[in-house]
Amino acid sequence: MSERVLSGRVVLVTGASRGIGRATALELAGMGANVFGTSRTEDGVKDIAEMLAPFGGGAIQLDLLDRESFQDRLDTVAQGAGAAASILVHNGGITLDAPFLAMHPGRFDGVMDTNVRGPFELTRRWVSGFGKACPADARAIFISSIVGIDGNPGQANYGASKAALNSLVRTLASELGGYKPERWNGTVNGIAPGFIQTAMTDGLKDEIVQTVVERTASRRLGTPEDVARVVGFLALPASDFINGQVFRVDGGIRL
Ligand SMILES: NC(=O)c1ccc[n+]([C@@H]2O[C@H](COP(=O)([O-])OP(=O)(O)OC[C@H]3O[C@@H](n4cnc5c(N)ncnc54)[C@H](O)[C@@H]3O)[C@@H](O)[C@H]2O)c1
């Protein structure tokens, strides 16, 4: 999108150094937003800062497992931008796949802590931080997965985590919608991507990729930009009657 339709908006995108998060940060920055991207590592922070330099915005270090740091990071964004983030894109997430019976409890906890508990607590801090001054057209956008809807063998932990996010989307939209506009004035939505070409899917065997492509109506894997453009659409003020929804962006896959 070339118009600066998000001019004046402050955005926080978690996990923005690569993949879907990177494409999303670029998409929203290209729409005129003041985007802050997060990474766990110093190298990632440096990469994001370089990527966003032509647009303004910036990069901050954030680990979704370090919940104690969330308030500080939200404050850092508000100080850097001159206003609190009004759009929060929960993109950071992990897979720790294993067959169900062989899945070590640590793999379950690790995925739930990163994919659910982190975004859950970050959203709580973010919304409560508005106090009585929630910006208009606030947006919470969660990157979920079709695995949270359809399931997928070997991903019982990941599927459960993304199903939890889908429920969080609907619950938060409804619960926050009951707040006075000074405390919450926006929407909560999710995107459930199918198979997208990123580091997360790089390790898939060729025959699995082939099967996925054959079962996808669009006959290809998705790109990070396919997802980022939908984030851009949901971020628009004009999307304000779309609320509590989780959109599949999967090329029409039938597993
Ligand atoms: N690639 C796919 O096919 C696909 C499909 C459906 C959903 N998704 C979801 O999209 C999102 C982005 O994934 P991707 O495909 O770009 O893969 P990716 O592995 O390239 O990106 C994941 C991002 O999350 C960050 N991250 C991981 N653990 C973190 C933590 N503890 N704290 C902060 N950040 C952390 C990583 O640093 C990275 O930037 C994830 O939530 C993933 O579950 C991906």
# chains A, B, ... in the order shown; residues from 1 in each chain; ligands from 1
call {"tool": "residues_around", "arguments": {"residues": "Gly154 (chain A)", "least_positions_apart": "3", "cutoff": "9 Å", "atoms": "only C-alpha atoms", "output": "CSV table (one decimal) with C-alpha atoms, in the first residue's frame"}}
result
chain,number,residue,atom,x,y,z
A,97,ASP,CA,7.3,-30.2,17.4
A,98,ALA,CA,7.2,-33.8,18.6
A,99,PRO,CA,4.9,-36.8,18.4
A,100,PHE,CA,2.3,-36.5,21.1
A,103,MET,CA,6.4,-34.7,23.8
A,157,ASN,CA,1.5,-28.1,21.7
A,158,TYR,CA,1.7,-25.5,19.0
call {"tool": "select_by_dssp", "arguments": {"residues": "region 114-232 of chain A", "states": "alpha helix (DSSP H)", "output": "ChimeraX atom specification"}}
result
/A:118-129,147-150,156-177,206-214,224-232
call {"tool": "residues_around", "arguments": {"residues": "region 16-25 of chain A", "least_positions_apart": "3", "cutoff": "7 Å", "atoms": "only C-alpha atoms", "output": "list in words"}}
result
Val13, Leu28, Ala29, Val35, Gly37, Thr38, Ser39, Gly44, Asp47, Ile48, Asn91, Thr198, Ala199, Pro224, Glu225, Val227, Ala228 and Val231 of chain A
call {"tool": "residues_around", "arguments": {"residues": "Ile94 (chain A)", "least_positions_apart": "2", "cutoff": "9 Å", "atoms": "only C-alpha atoms", "output": "list in words"}}
result
Gly92, Leu96, Gly110, Val111, Thr114, Asn115, Tyr158 and Met200 of chain A
call {"tool": "atom_distance", "arguments": {"atom1": "CA of Gly159 (chain A)", "atom2": "CA of Val127 (chain A)"}}
result
26.2 Å
call {"tool": "residues_around", "arguments": {"residues": "Gln61 (chain A)", "least_positions_apart": "3", "cutoff": "10 Å", "atoms": "only C-alpha atoms", "output": "count of residues only"}}
result
14
call {"tool": "residues_around", "arguments": {"residues": "region 142-150 of chain A", "least_positions_apart": "5", "cutoff": "7 Å", "atoms": "only C-alpha atoms", "output": "ChimeraX atom specification"}}
result
/A:89-91,159-160,162-163,165-166,189-194,248
call {"tool": "write_last_selection", "arguments": {"atoms": "N, CA, C and O atoms", "output": "CSV table (one decimal), in the first residue's frame"}}
result
chain,number,residue,atom,x,y,z
A,89,VAL,N,1.1,-5.7,17.2
A,89,VAL,CA,1.0,-6.9,16.4
A,89,VAL,C,1.8,-8.0,17.1
A,89,VAL,O,3.0,-7.9,17.2
A,90,HIS,N,1.1,-9.0,17.6
A,90,HIS,CA,1.7,-10.1,18.3
A,90,HIS,C,2.1,-11.2,17.2
A,90,HIS,O,1.3,-12.0,16.8
A,91,ASN,N,3.4,-11.1,16.8
A,91,ASN,CA,3.9,-12.0,15.8
A,91,ASN,C,4.8,-13.0,16.3
A,91,ASN,O,4.8,-14.1,15.8
A,159,GLY,N,-0.5,-26.3,18.2
A,159,GLY,CA,-1.9,-26.2,17.9
A,159,GLY,C,-2.7,-25.7,19.1
A,159,GLY,O,-3.6,-24.8,18.9
A,160,ALA,N,-2.4,-26.2,20.2
A,160,ALA,CA,-3.1,-25.8,21.4
A,160,ALA,C,-2.8,-24.3,21.7
A,160,ALA,O,-3.7,-23.6,22.1
A,162,LYS,N,-2.0,-22.0,19.6
A,162,LYS,CA,-2.7,-21.1,18.6
A,162,LYS,C,-4.2,-21.1,18.8
A,162,LYS,O,-4.9,-20.1,18.6
A,163,ALA,N,-4.8,-22.2,19.2
A,163,ALA,CA,-6.2,-22.3,19.5
A,163,ALA,C,-6.5,-21.4,20.7
A,163,ALA,O,-7.5,-20.7,20.7
A,165,LEU,N,-4.9,-18.7,21.4
A,165,LEU,CA,-4.8,-17.3,20.9
A,165,LEU,C,-6.2,-16.9,20.2
A,165,LEU,O,-6.7,-15.8,20.3
A,166,ASN,N,-6.7,-17.9,19.4
A,166,ASN,CA,-8.0,-17.7,18.7
A,166,ASN,C,-9.1,-17.3,19.7
A,166,ASN,O,-9.9,-16.5,19.5
A,189,ASN,N,-8.3,-8.6,16.6
A,189,ASN,CA,-8.4,-9.7,15.5
A,189,ASN,C,-7.2,-10.5,15.4
A,189,ASN,O,-6.1,-10.2,15.9
A,190,GLY,N,-7.4,-11.7,14.7
A,190,GLY,CA,-6.3,-12.6,14.5
A,190,GLY,C,-6.2,-13.0,13.0
A,190,GLY,O,-7.1,-12.8,12.3
A,191,ILE,N,-5.0,-13.4,12.7
A,191,ILE,CA,-4.8,-14.0,11.3
A,191,ILE,C,-4.2,-15.4,11.5
A,191,ILE,O,-3.3,-15.6,12.3
A,192,ALA,N,-4.8,-16.3,10.8
A,192,ALA,CA,-4.3,-17.7,10.9
A,192,ALA,C,-3.6,-18.0,9.5
A,192,ALA,O,-4.3,-18.5,8.6
A,193,PRO,N,-2.3,-17.9,9.4
A,193,PRO,CA,-1.7,-18.2,8.2
A,193,PRO,C,-1.6,-19.7,8.0
A,193,PRO,O,-1.6,-20.5,8.9
A,194,GLY,N,-1.6,-20.1,6.7
A,194,GLY,CA,-1.3,-21.5,6.4
A,194,GLY,C,0.2,-21.7,6.3
A,194,GLY,O,0.9,-21.2,7.2
A,248,ARG,N,-8.3,-16.7,8.1
A,248,ARG,CA,-7.3,-17.7,7.4
A,248,ARG,C,-6.7,-17.0,6.2
A,248,ARG,O,-7.4,-16.4,5.4
call {"tool": "residues_around", "arguments": {"residues": "Phe36 (chain A)", "least_positions_apart": "2", "cutoff": "9 Å", "atoms": "only C-alpha atoms", "output": "PyMOL selection string"}}
result
chain A and resi 10-14+16+25+34+38+48-49+52+56-60+77+81+85
call {"tool": "closest_residue", "arguments": {"among": "A:Leu204, A:Leu176, A:Leu65, A:Ile242", "to": "ligand 1", "atoms": "only C-alpha atoms and all ligand atoms"}}
result
A:Leu65
call {"tool": "atom_distance", "arguments": {"atom1": "atom 36 (C, counted along the ligand's line) of ligand 1", "atom2": "CA of Arg117 (chain A)"}}
result
15.5 Å
call {"tool": "closest_residue", "arguments": {"among": "A:Val249, A:Phe70, A:Cys134, A:Ile208", "to": "Lys180 (chain A)", "atoms": "only C-alpha atoms"}}
result
A:Cys134
call {"tool": "select_by_dssp", "arguments": {"residues": "region 156-224 of chain A", "states": "strand (DSSP E or B)", "output": "PyMOL selection string"}}
result
chain A and resi 186-193+196+216+222
call {"tool": "closest_residue", "arguments": {"among": "A:Phe247, A:Trp126, A:Phe55, A:Trp184", "to": "ligand 1", "atoms": "only C-alpha atoms and all ligand atoms"}}
result
A:Phe247
call {"tool": "closest_residue", "arguments": {"among": "A:Gly32, A:Gly244, A:Pro135, A:Gly93", "to": "ligand 1", "atoms": "only C-alpha atoms and all ligand atoms"}}
result
A:Gly93
